[in-house]
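Data from my_file_33.tsv: TSV, C-alpha atoms and all ligand atoms
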chain	number	residue	atom	x	y	z
B	338	MET	CA	183.35	21.74	-6.45
B	339	THR	CA	182.69	25.40	-7.24
B	340	ALA	CA	185.22	28.13	-7.88
B	341	LEU	CA	184.18	29.65	-4.55
B	342	GLU	CA	185.22	26.54	-2.60
B	343	ALA	CA	188.51	26.17	-4.45
B	344	PRO	CA	189.38	29.53	-5.98
B	345	ARG	CA	192.02	29.01	-8.62
B	346	LEU	CA	191.45	32.39	-10.23
B	347	PRO	CA	190.99	35.86	-8.82
B	348	ALA	CA	187.31	36.80	-8.87
B	349	PRO	CA	186.16	39.25	-11.52
B	350	ILE	CA	185.17	42.68	-10.20
B	351	GLY	CA	182.45	43.73	-12.59
B	352	LEU	CA	179.72	42.24	-14.73
B	353	LEU	CA	178.32	44.13	-17.69
B	354	ALA	CA	174.72	43.02	-18.17
B	355	GLU	CA	173.71	43.83	-21.73
B	356	LEU	CA	169.99	43.59	-21.07
B	357	THR	CA	168.99	44.26	-24.67
B	358	HIS	CA	170.44	45.42	-27.97
B	359	ARG	CA	167.31	47.49	-28.64
B	360	CYS	CA	167.92	51.26	-28.58
B	361	PRO	CA	166.08	54.30	-29.93
B	362	LEU	CA	169.35	56.03	-30.84
B	363	GLY	CA	171.73	55.27	-33.69
B	364	CYS	CA	175.17	56.46	-32.61
B	365	PRO	CA	177.80	55.74	-35.27
B	366	TYR	CA	180.27	54.33	-32.69
B	367	CYS	CA	177.76	52.02	-30.98
B	368	SER	CA	179.33	49.14	-29.06
B	369	ASN	CA	176.48	46.81	-30.04
B	370	PRO	CA	177.64	44.05	-32.40
B	371	LEU	CA	176.90	44.37	-36.12
B	372	ALA	CA	174.44	41.46	-35.80
B	373	LEU	CA	172.03	42.56	-33.08
B	374	GLU	CA	170.41	39.96	-30.85
B	375	GLN	CA	166.61	39.97	-31.10
B	376	ALA	CA	164.13	40.80	-28.31
B	377	ALA	CA	162.66	37.29	-28.49
B	378	ASP	CA	166.04	35.82	-27.52
B	379	GLU	CA	166.60	38.03	-24.46
B	380	LEU	CA	167.03	36.44	-21.03
B	381	ASP	CA	163.96	36.74	-18.82
B	382	THR	CA	163.83	38.45	-15.42
B	383	ALA	CA	164.26	35.25	-13.41
B	384	THR	CA	167.37	34.24	-15.35
B	385	TRP	CA	168.97	37.64	-14.83
B	386	ALA	CA	168.17	37.36	-11.11
B	387	ARG	CA	169.91	33.96	-11.00
B	388	VAL	CA	172.91	35.34	-12.89
B	389	PHE	CA	173.23	38.17	-10.34
B	390	ARG	CA	173.12	35.71	-7.43
B	391	GLU	CA	175.80	33.61	-9.12
B	392	ALA	CA	177.84	36.75	-9.77
B	393	ALA	CA	177.74	37.75	-6.11
B	394	THR	CA	178.74	34.22	-5.06
B	395	LEU	CA	181.63	34.38	-7.50
B	396	GLY	CA	182.87	37.55	-5.78
B	397	ILE	CA	181.70	40.15	-8.31
B	398	LEU	CA	181.06	43.52	-6.66
B	399	GLN	CA	179.43	45.64	-9.35
B	400	VAL	CA	176.86	45.08	-12.05
B	401	HIS	CA	176.42	47.55	-14.89
B	402	LEU	CA	172.92	47.44	-16.37
B	403	SER	CA	173.52	48.36	-19.96
B	404	GLY	CA	172.43	47.74	-23.54
B	405	GLY	CA	171.55	48.87	-26.12
B	406	GLU	CA	169.22	50.97	-24.04
B	407	PRO	CA	168.27	49.15	-20.82
B	408	GLY	CA	165.14	51.32	-20.59
B	409	ALA	CA	163.77	49.25	-23.50
B	410	ARG	CA	163.25	46.41	-20.97
B	411	ARG	CA	159.82	46.61	-19.34
B	412	ASP	CA	161.18	44.65	-16.36
B	413	LEU	CA	164.14	46.99	-15.78
B	414	VAL	CA	163.02	47.86	-12.24
B	415	GLU	CA	162.64	44.17	-11.32
B	416	ILE	CA	166.04	43.38	-12.85
B	417	SER	CA	167.68	46.23	-10.95
B	418	ALA	CA	165.98	45.14	-7.72
B	419	ALA	CA	167.29	41.61	-8.25
B	420	ALA	CA	170.86	42.90	-8.63
B	421	HIS	CA	170.49	44.93	-5.46
B	422	ALA	CA	168.99	41.96	-3.59
B	423	ALA	CA	172.02	39.89	-4.64
B	424	GLY	CA	174.20	42.43	-2.85
B	425	LEU	CA	175.73	43.97	-5.98
B	426	TYR	CA	176.55	47.66	-6.43
B	427	THR	CA	174.12	48.48	-9.23
B	428	ASN	CA	174.96	50.98	-11.94
B	429	LEU	CA	172.58	51.96	-14.75
B	430	ILE	CA	174.21	52.96	-18.05
B	431	THR	CA	171.59	54.70	-20.14
B	432	SER	CA	171.07	57.01	-23.09
B	433	ALA	CA	168.25	58.48	-20.92
B	434	ILE	CA	165.77	57.98	-23.75
B	435	GLY	CA	163.13	55.56	-22.54
B	436	ILE	CA	163.73	56.14	-18.82
B	437	THR	CA	160.97	58.34	-17.42
B	438	ALA	CA	161.19	60.25	-14.13
B	439	GLN	CA	158.72	57.71	-12.75
B	440	THR	CA	160.89	54.74	-13.76
B	441	LEU	CA	163.94	56.44	-12.30
B	442	ALA	CA	162.18	56.97	-8.98
B	443	ALA	CA	161.15	53.30	-8.97
B	444	LEU	CA	164.75	52.30	-9.71
B	445	ALA	CA	165.97	54.45	-6.84
B	446	ASP	CA	163.42	52.81	-4.53
B	447	ALA	CA	164.62	49.42	-5.76
B	448	GLY	CA	168.14	50.19	-4.56
B	449	LEU	CA	169.88	51.51	-7.69
B	450	ASP	CA	173.26	52.91	-6.62
B	451	HIS	CA	174.54	54.97	-9.55
B	452	VAL	CA	173.53	56.33	-12.97
B	453	GLN	CA	175.65	56.96	-16.06
B	454	ILE	CA	174.07	59.01	-18.85
B	455	SER	CA	175.67	59.25	-22.27
B	456	ILE	CA	175.89	62.68	-23.89
B	457	GLN	CA	176.87	62.94	-27.56
B	458	ASP	CA	178.04	66.57	-27.51
B	459	SER	CA	177.71	69.82	-25.54
B	460	ASP	CA	176.10	71.46	-28.55
B	461	PRO	CA	172.43	70.34	-28.62
B	462	ALA	CA	172.04	70.31	-32.42
B	463	SER	CA	175.26	68.37	-32.90
B	464	ALA	CA	174.35	65.98	-30.06
B	465	ASP	CA	171.01	65.15	-31.67
B	466	GLN	CA	172.63	64.80	-35.06
B	467	ILE	CA	175.24	62.33	-33.76
B	468	ALA	CA	172.60	60.32	-31.88
B	469	GLY	CA	170.19	60.44	-34.81
B	470	TYR	CA	167.41	61.48	-32.40
B	471	ARG	CA	165.81	64.92	-32.39
B	472	GLY	CA	165.18	66.31	-28.91
B	473	GLY	CA	167.41	63.71	-27.29
B	474	PHE	CA	169.81	66.25	-25.78
B	475	ASP	CA	167.03	67.99	-23.82
B	476	ARG	CA	165.69	64.68	-22.55
B	477	LYS	CA	169.14	63.66	-21.35
B	478	CYS	CA	169.55	66.92	-19.45
B	479	ALA	CA	166.09	66.49	-17.91
B	480	LEU	CA	166.84	62.95	-16.72
B	481	ALA	CA	170.22	64.07	-15.35
B	482	ALA	CA	168.37	66.68	-13.26
B	483	GLU	CA	166.10	63.94	-11.92
B	484	VAL	CA	169.09	61.76	-11.02
B	485	VAL	CA	170.58	64.62	-9.01
B	486	ARG	CA	167.21	65.46	-7.43
B	487	LEU	CA	166.97	61.85	-6.22
B	488	ARG	CA	170.50	62.20	-4.80
B	489	LEU	CA	171.88	59.39	-6.92
B	490	PRO	CA	175.51	59.81	-8.00
B	491	LEU	CA	175.72	60.80	-11.67
B	492	THR	CA	178.43	60.14	-14.24
B	493	ILE	CA	178.30	61.61	-17.74
B	494	ASN	CA	179.76	59.42	-20.51
B	495	VAL	CA	181.08	61.02	-23.68
B	496	VAL	CA	182.55	59.30	-26.71
B	497	VAL	CA	184.99	61.65	-28.44
B	498	HIS	CA	185.52	61.70	-32.20
B	499	ARG	CA	186.01	64.14	-35.05
B	500	ALA	CA	182.59	65.82	-34.71
B	501	ASN	CA	182.94	66.79	-31.02
B	502	ILE	CA	186.64	66.61	-30.14
B	503	GLU	CA	186.98	70.42	-30.19
B	504	ARG	CA	184.40	70.77	-27.39
B	505	ILE	CA	185.90	68.70	-24.55
B	506	GLU	CA	186.02	71.74	-22.27
B	507	ASP	CA	182.35	72.53	-22.99
B	508	MET	CA	181.37	68.92	-22.33
B	509	VAL	CA	183.12	68.92	-18.95
B	510	GLU	CA	181.38	72.18	-18.08
B	511	LEU	CA	178.08	70.70	-19.18
B	512	ALA	CA	178.65	67.69	-16.89
B	513	LEU	CA	179.47	70.03	-14.00
B	514	GLY	CA	176.36	72.08	-14.70
B	515	LEU	CA	174.25	68.92	-14.69
B	516	GLY	CA	175.58	68.04	-11.23
B	517	ALA	CA	177.70	65.06	-12.25
B	518	SER	CA	180.48	63.98	-9.92
B	519	ARG	CA	182.36	62.23	-12.71
B	520	ILE	CA	182.76	62.36	-16.49
B	521	GLU	CA	184.15	59.54	-18.61
B	522	ILE	CA	185.76	60.81	-21.80
B	523	ALA	CA	186.49	57.90	-24.12
B	524	HIS	CA	187.91	58.33	-27.59
B	525	ALA	CA	186.02	56.14	-30.05
B	526	GLN	CA	187.27	52.55	-30.00
B	527	TYR	CA	187.26	51.09	-33.48
B	528	TYR	CA	185.35	47.82	-33.27
B	529	GLY	CA	181.95	46.94	-34.71
B	530	TRP	CA	179.99	50.02	-35.78
B	531	ALA	CA	182.84	52.40	-35.00
B	532	LEU	CA	185.14	50.36	-37.23
B	533	LYS	CA	182.57	50.61	-40.03
B	534	ASN	CA	182.46	54.38	-39.47
B	535	ARG	CA	186.13	54.87	-38.71
B	536	ALA	CA	186.75	57.17	-41.66
B	537	ALA	CA	184.03	59.54	-40.41
B	538	LEU	CA	185.03	59.42	-36.74
B	539	MET	CA	188.84	59.60	-36.84
B	540	PRO	CA	190.25	62.93	-35.58
B	541	THR	CA	193.58	64.25	-36.76
B	542	ARG	CA	196.71	63.64	-34.73
B	543	ASP	CA	196.81	67.33	-33.77
B	544	GLN	CA	193.23	67.16	-32.51
B	545	ALA	CA	193.92	63.99	-30.53
B	546	VAL	CA	197.07	65.41	-28.93
B	547	ALA	CA	195.31	68.68	-28.06
B	548	ALA	CA	192.42	66.73	-26.53
B	549	VAL	CA	194.73	64.71	-24.28
B	550	GLN	CA	196.49	67.90	-23.15
B	551	GLN	CA	193.20	69.63	-22.52
B	552	VAL	CA	192.00	66.82	-20.26
B	553	GLU	CA	195.10	67.37	-18.11
B	554	VAL	CA	194.38	71.12	-17.89
B	555	LEU	CA	190.73	70.47	-17.01
B	556	ARG	CA	191.66	67.90	-14.36
B	557	LYS	CA	193.74	70.52	-12.58
B	558	ARG	CA	191.15	73.26	-13.02
B	559	TYR	CA	188.25	71.20	-11.68
B	560	HIS	CA	190.12	69.11	-9.12
B	561	GLY	CA	187.78	68.37	-6.22
B	562	ARG	CA	184.68	69.31	-8.22
B	563	ILE	CA	184.49	66.57	-10.82
B	564	VAL	CA	186.52	63.44	-11.55
B	565	ILE	CA	187.62	63.25	-15.18
B	566	ASP	CA	188.35	59.73	-16.44
B	567	ALA	CA	189.79	59.54	-19.93
B	568	VAL	CA	190.53	56.72	-22.36
B	569	THR	CA	193.30	57.75	-24.75
B	570	PRO	CA	192.96	57.67	-28.56
B	571	ASP	CA	194.43	54.30	-29.56
B	572	TYR	CA	195.63	55.04	-33.06
B	573	TYR	CA	197.82	57.91	-31.88
B	574	ALA	CA	199.13	56.14	-28.78
B	575	ARG	CA	202.65	54.97	-28.02
B	576	PHE	CA	201.52	52.08	-25.82
B	577	PRO	CA	198.17	50.29	-25.88
B	578	LYS	CA	195.60	50.36	-23.12
B	579	ALA	CA	195.20	47.35	-20.83
B	580	CYS	CA	191.92	46.51	-22.50
B	581	VAL	CA	189.26	45.28	-20.02
B	582	GLY	CA	192.05	45.12	-17.43
B	583	GLY	CA	193.41	42.02	-19.18
B	584	TRP	CA	191.44	39.25	-20.88
B	585	GLY	CA	189.53	37.13	-18.37
B	586	ARG	CA	191.08	38.91	-15.39
B	587	ARG	CA	188.61	41.47	-14.06
B	588	SER	CA	185.25	41.47	-15.81
B	589	LEU	CA	182.75	39.68	-17.98
B	590	ASN	CA	179.90	40.66	-20.29
B	591	VAL	CA	176.63	38.83	-20.55
B	592	THR	CA	174.84	39.48	-23.85
B	593	PRO	CA	171.04	39.86	-24.07
B	594	SER	CA	170.67	36.17	-24.95
B	595	GLY	CA	173.05	35.01	-22.21
B	596	ARG	CA	176.34	34.45	-24.03
B	597	VAL	CA	179.22	35.33	-21.72
B	598	LEU	CA	182.06	37.29	-23.29
B	599	PRO	CA	185.45	38.39	-21.94
B	600	CYS	CA	184.86	41.82	-23.58
B	601	HIS	CA	182.07	43.45	-25.54
B	602	ALA	CA	183.76	42.93	-28.92
B	603	ALA	CA	185.02	39.36	-28.33
B	604	GLU	CA	182.58	37.92	-30.87
B	605	SER	CA	184.56	39.70	-33.58
B	606	ILE	CA	187.38	37.16	-33.07
B	607	PRO	CA	186.52	34.03	-35.05
B	608	GLY	CA	186.88	30.58	-33.53
B	609	LEU	CA	186.23	31.49	-29.89
B	610	GLU	CA	183.74	29.28	-28.05
B	611	PHE	CA	181.39	31.22	-25.76
B	612	TRP	CA	179.27	29.54	-23.13
B	613	ASN	CA	175.78	30.65	-22.16
B	614	VAL	CA	174.30	31.27	-18.72
B	615	ARG	CA	171.30	29.19	-19.79
B	616	GLU	CA	173.54	26.10	-19.79
B	617	HIS	CA	176.39	26.89	-17.38
B	618	ALA	CA	176.78	28.50	-13.98
B	619	LEU	CA	178.76	31.75	-14.01
B	620	ASP	CA	181.67	30.39	-11.93
B	621	ASP	CA	182.04	27.48	-14.38
B	622	ILE	CA	182.07	29.91	-17.30
B	623	TRP	CA	184.58	32.22	-15.64
B	624	GLU	CA	186.96	29.38	-14.91
B	625	ASN	CA	186.46	26.97	-17.79
B	626	ALA	CA	184.80	28.55	-20.84
B	627	PRO	CA	187.19	28.23	-23.80
B	628	ALA	CA	186.75	31.90	-24.76
B	629	PHE	CA	187.96	33.03	-21.32
B	630	ARG	CA	190.91	30.64	-21.34
B	631	ALA	CA	192.01	31.64	-24.84
B	632	PHE	CA	194.03	34.73	-23.83
B	633	ARG	CA	194.24	34.47	-20.06
B	634	GLY	CA	197.72	34.85	-18.59
B	635	ASN	CA	200.55	35.37	-21.06
B	636	ASP	CA	201.43	31.93	-22.47
B	637	TRP	CA	199.60	32.81	-25.70
B	638	MET	CA	201.79	35.84	-26.39
B	639	GLN	CA	204.17	36.18	-29.30
B	640	GLU	CA	207.04	38.61	-29.74
B	641	PRO	CA	207.37	41.50	-29.09
B	642	CYS	CA	204.98	41.04	-26.13
B	643	ARG	CA	206.45	37.73	-24.91
B	644	SER	CA	209.75	39.31	-23.83
B	645	CYS	CA	208.40	42.79	-23.08
B	646	ALA	CA	208.68	44.34	-19.61
B	647	ARG	CA	205.16	45.75	-19.94
B	648	LYS	CA	203.39	42.47	-20.65
B	649	ASP	CA	201.88	42.29	-17.16
B	650	LEU	CA	200.89	45.96	-17.30
B	651	ASP	CA	198.98	46.18	-20.57
B	652	PHE	CA	198.59	42.43	-21.29
B	653	GLY	CA	199.56	43.03	-24.91
B	654	GLY	CA	196.74	45.55	-25.37
B	655	CYS	CA	193.43	44.73	-26.99
B	656	ARG	CA	192.90	41.25	-28.53
B	657	CYS	CA	190.00	42.45	-30.65
B	658	GLN	CA	191.96	45.34	-32.10
B	659	ALA	CA	194.95	43.06	-32.73
B	660	PHE	CA	192.72	40.71	-34.72
B	661	LEU	CA	190.79	43.40	-36.58
B	662	ILE	CA	193.95	45.12	-37.80
B	663	THR	CA	196.50	42.31	-38.15
B	664	GLY	CA	194.24	39.29	-38.64
B	665	ASP	CA	195.95	37.58	-35.67
B	666	ALA	CA	194.38	37.85	-32.22
B	667	ARG	CA	197.70	36.77	-30.64
B	668	ALA	CA	199.62	39.68	-32.13
B	669	ALA	CA	200.64	42.74	-30.13
B	670	ASP	CA	197.95	45.40	-30.26
B	671	PRO	CA	199.08	47.60	-33.20
B	672	ALA	CA	198.40	50.67	-31.04
B	673	CYS	CA	201.77	49.73	-29.49
B	674	HIS	CA	204.75	51.43	-31.13
B	675	LEU	CA	206.67	48.13	-30.79
B	676	SER	CA	204.17	46.31	-33.02
B	677	PRO	CA	205.39	45.72	-36.59
B	678	HIS	CA	201.95	47.00	-37.68
B	679	HIS	CA	202.09	50.29	-35.79
B	680	ALA	CA	203.19	52.35	-38.79
B	681	ASP	CA	200.21	50.99	-40.77
B	682	VAL	CA	197.87	52.21	-38.03
B	683	GLU	CA	199.43	55.65	-38.03
B	684	ALA	CA	199.18	55.87	-41.82
B	685	LEU	CA	195.57	54.70	-41.72
B	686	ALA	CA	194.66	57.26	-39.07
B	687	ALA	CA	196.28	60.08	-41.03
B	688	GLN	CA	194.49	59.07	-44.20
B	689	GLN	CA	191.07	58.55	-42.54
B	690	ALA	CA	191.22	61.75	-40.50
B	691	ASN	CA	190.98	63.62	-43.79
B	692	SER	CA	188.26	61.51	-45.33
B	693	ALA	CA	184.89	62.93	-46.36
B	694	TYR	CA	183.11	59.64	-45.49
B	695	GLU	CA	179.71	60.02	-43.82
B	696	TYR	CA	178.72	57.54	-41.17
B	697	ARG	CA	176.17	54.75	-41.26
B	698	ARG	CA	173.62	54.31	-38.51
B	699	VAL	CA	173.31	51.28	-36.31
B	700	GLY	CA	170.58	48.97	-37.58
B	701	LYS	CA	167.61	48.66	-35.25
B	702	GLY	CA	166.86	45.26	-33.74
I	1	LIG	FE1	202.42	45.90	-24.46
I	1	LIG	FE2	203.17	43.98	-26.19
I	1	LIG	FE3	203.66	46.57	-26.72
I	1	LIG	FE4	205.00	45.35	-24.77
I	1	LIG	S1	205.10	44.86	-26.95
I	1	LIG	S2	204.12	47.38	-24.68
I	1	LIG	S3	203.41	43.96	-23.94
I	1	LIG	S4	201.63	45.56	-26.56
I	2	LIG	FE1	188.07	42.92	-26.86
I	2	LIG	FE2	189.74	44.92	-26.23
I	2	LIG	S1	187.68	45.05	-26.98
I	2	LIG	S2	189.99	42.80	-25.85
Mind turning this structure into structure tokens?
Ligand code: SF4
Ligand code: FES
Amino acid sequence: MTALEAPRLPAPIGLLAELTHRCPLGCPYCSNPLALEQAADELDTATWARVFREAATLGILQVHLSGGEPGARRDLVEISAAAHAAGLYTNLITSAIGITAQTLAALADAGLDHVQISIQDSDPASADQIAGYRGGFDRKCALAAEVVRLRLPLTINVVVHRANIERIEDMVELALGLGASRIEIAHAQYYGWALKNRAALMPTRDQAVAAVQQVEVLRKRYHGRIVIDAVTPDYYARFPKACVGGWGRRSLNVTPSGRVLPCHAAESIPGLEFWNVREHALDDIWENAPAFRAFRGNDWMQEPCRSCARKDLDFGGCRCQAFLITGDARAADPACHLSPHHADVEALAAQQANSAYEYRRVGKG
């Protein structure tokens, strides 16, 4: 009996399809894992098409075609067409490098619904320096113009950190100028490569507070012209974010080789057992895979989360961050001021915000 016939769990909403870990850029906060999966291990077109059909049957509404850089896949148009044919709202998340105007037009013809382009900074020289790719900024702007010309909705993604945090206003104006209807401003999340580079990326508390205030000002100023989504800077927060909308509640990630994760950084928690789409149907994985069951609901919680009024709002915060900072994935996310480790996080942030550390680039797969 499938989960569709006897639904015991709410269906996930979104599926992040990490088509490849290959990418021409080398951003210091990359969400790729430290150990990149190799091209030879990537799922083929037919398997992705099956996964999308299973996702639609499971009740998933949106697929995000991501990476790495999804443009590194020669079959990107076929993959996108398969997602569209399965009835999924299809969103491409790209660095823009490796997607030509011709490929974009083919994607649009294949039913692509939405494009997100990452921008590293509003200042071209700084943007190229952060990405480790000369000329990248201009190519991003050119592809954004093509997206708008094809009348596809455009979102600009920006990761905020010490090198660009003073230019949030400029970045919103850049997104407006490019014709985006939405901008996602996410402060760097310290897992994987960003954790390695934390001492180079961490802004000061004053910078982080000013950035949050500025987003509010910009939201009012540009209301009706552009939607500004913002993810707050964890280390200076009072409460944690409801990471991935709660573990195993709303979304799943499929890695290039087919491992299915509750969040992109879940492999950083030791001892979790992930199932693979090569061996299991997606509904079976969603319902039964040990990694998804590990932190679903709230039976796993300890104090202070267990008796906290917010436990069904933020789900105890981020499991990966809890593990990476406290060594215990069941602990409250130390971004929470009620966590016994919160003061350590604040002290760490203050110390690292003043570090002269220079970042390391993501290794190329
Ligand atoms: Fe969230 Fe736990 Fe903090 Fe309560 S104690 S606010 S549930 S992280
Ligand atoms: Fe894994 Fe937050 S990144 S739960």
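Counting all atoms listed in the file, the residue from B:Arg633, B:Ala603, B:Arg656, B:Trp612 that sits nearest to Cys580 of chain B is B:Arg656.
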Check every protein, DNA and RNA residue against ligand LIG 1 (chain I), keep those with an atom at most 9 Å away (counting all atoms listed in the file), and present them as a PyMOL selection string. chain B and resi 575-579+638-655+668-676
How would you write, as a list of chain:residue names, the set of residues no farther than 9 Å from ligand LIG 2 (chain I) when counting all atoms listed in the file?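 So, counting all atoms listed in the file, the residues near ligand LIG 2 (chain I) are B:Gln526, B:Tyr527, B:Tyr528, B:Lys578, B:Ala579, B:Cys580, B:Val581, B:Gly582, B:Gly583, B:Trp584, B:Leu598, B:Pro599, B:Cys600, B:His601, B:Ala602, B:Ala603, B:Glu604, B:Ser605, B:Ile606, B:Gly654, B:Cys655, B:Arg656, B:Cys657, B:Gln658, B:Ala659.
Checking B:Ala376, B:Val509, B:Ala517, B:Ala422 one by one against Ala567 of chain B, counting only C-alpha atoms, you find the shortest gap at B:Val509.
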Point-to-point distance from atom CA of Gln689 of chain B to atom CA of Asn534 of chain B, Å rounded to tenths: 10.0 Å
From the options B:Ala545, B:Ala418, B:Glu510, B:Ile456, which residue's atoms come nearest to Arg558 of chain B, counting all atoms listed in the file? B:Glu510
Give me the residues near Gly408 of chain B as a ChimeraX atom specification, where near means some atom within 7 Å (using all atoms listed in the file) and where sequence neighbours in that chain fewer than 5 positions away do not count. /B:413,435-436
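The spacing separating atom CA of Leu515 of chain B from atom CA of Ala447 of chain B amounts to 23.5 Å.
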So that I can see what lies close to Gly608 of chain B, please list as a PyMOL selection string the residues with an atom at most 12 Å from it, counting all atoms listed in the file and leaving out residues fewer than 3 positions away in the same chain. chain B and resi 603-605+611+627-628+631+660+665-666
Save segment 470-488 of chain B to disk from that block, N, CA and C atoms included, as an mmCIF file, in the first residue's frame.
data_model
loop_
_atom_site.group_PDB
_atom_site.id
_atom_site.type_symbol
_atom_site.label_atom_id
_atom_site.label_comp_id
_atom_site.auth_asym_id
_atom_site.auth_seq_id
_atom_site.Cartn_x
_atom_site.Cartn_y
_atom_site.Cartn_z
ATOM 1 N N TYR B 470 35.256 34.047 -10.161
ATOM 2 C CA TYR B 470 35.019 33.858 -11.598
ATOM 3 C C TYR B 470 34.964 35.215 -12.280
ATOM 4 N N ARG B 471 36.005 35.539 -13.032
ATOM 5 C CA ARG B 471 36.059 36.855 -13.687
ATOM 6 C C ARG B 471 35.010 36.945 -14.801
ATOM 7 N N GLY B 472 34.286 38.053 -14.834
ATOM 8 C CA GLY B 472 33.271 38.244 -15.867
ATOM 9 C C GLY B 472 31.922 37.620 -15.520
ATOM 10 N N GLY B 473 31.859 36.965 -14.382
ATOM 11 C CA GLY B 473 30.615 36.286 -14.002
ATOM 12 C C GLY B 473 29.458 37.254 -13.805
ATOM 13 N N PHE B 474 29.734 38.406 -13.182
ATOM 14 C CA PHE B 474 28.667 39.369 -12.901
ATOM 15 C C PHE B 474 27.955 39.772 -14.192
ATOM 16 N N ASP B 475 28.744 40.097 -15.223
ATOM 17 C CA ASP B 475 28.130 40.544 -16.496
ATOM 18 C C ASP B 475 27.296 39.431 -17.119
ATOM 19 N N ARG B 476 27.781 38.206 -17.005
ATOM 20 C CA ARG B 476 27.023 37.093 -17.594
ATOM 21 C C ARG B 476 25.721 36.855 -16.843
ATOM 22 N N LYS B 477 25.733 37.065 -15.551
ATOM 23 C CA LYS B 477 24.508 36.923 -14.756
ATOM 24 C C LYS B 477 23.480 37.973 -15.182
ATOM 25 N N CYS B 478 23.958 39.203 -15.326
ATOM 26 C CA CYS B 478 23.039 40.281 -15.726
ATOM 27 C C CYS B 478 22.467 39.996 -17.112
ATOM 28 N N ALA B 479 23.314 39.465 -18.015
ATOM 29 C CA ALA B 479 22.849 39.179 -19.376
ATOM 30 C C ALA B 479 21.786 38.078 -19.351
ATOM 31 N N LEU B 480 22.008 37.041 -18.537
ATOM 32 C CA LEU B 480 21.009 35.959 -18.506
ATOM 33 C C LEU B 480 19.713 36.446 -17.862
ATOM 34 N N ALA B 481 19.853 37.310 -16.836
ATOM 35 C CA ALA B 481 18.642 37.868 -16.202
ATOM 36 C C ALA B 481 17.811 38.620 -17.240
ATOM 37 N N ALA B 482 18.474 39.370 -18.114
ATOM 38 C CA ALA B 482 17.749 40.104 -19.163
ATOM 39 C C ALA B 482 17.010 39.139 -20.086
ATOM 40 N N GLU B 483 17.649 38.003 -20.383
ATOM 41 C CA GLU B 483 16.999 36.996 -21.231
ATOM 42 C C GLU B 483 15.777 36.394 -20.546
ATOM 43 N N VAL B 484 15.903 36.147 -19.240
ATOM 44 C CA VAL B 484 14.775 35.588 -18.478
ATOM 45 C C VAL B 484 13.579 36.526 -18.586
ATOM 46 N N VAL B 485 13.840 37.808 -18.401
ATOM 47 C CA VAL B 485 12.754 38.802 -18.453
ATOM 48 C C VAL B 485 12.200 38.900 -19.877
ATOM 49 N N ARG B 486 13.109 38.864 -20.863
ATOM 50 C CA ARG B 486 12.659 38.954 -22.257
ATOM 51 C C ARG B 486 11.729 37.792 -22.606
ATOM 52 N N LEU B 487 12.009 36.626 -22.020
ATOM 53 C CA LEU B 487 11.163 35.447 -22.278
ATOM 54 C C LEU B 487 9.906 35.429 -21.399
ATOM 55 N N ARG B 488 9.762 36.488 -20.598
ATOM 56 C CA ARG B 488 8.591 36.644 -19.714
ATOM 57 C C ARG B 488 8.489 35.532 -18.664
#
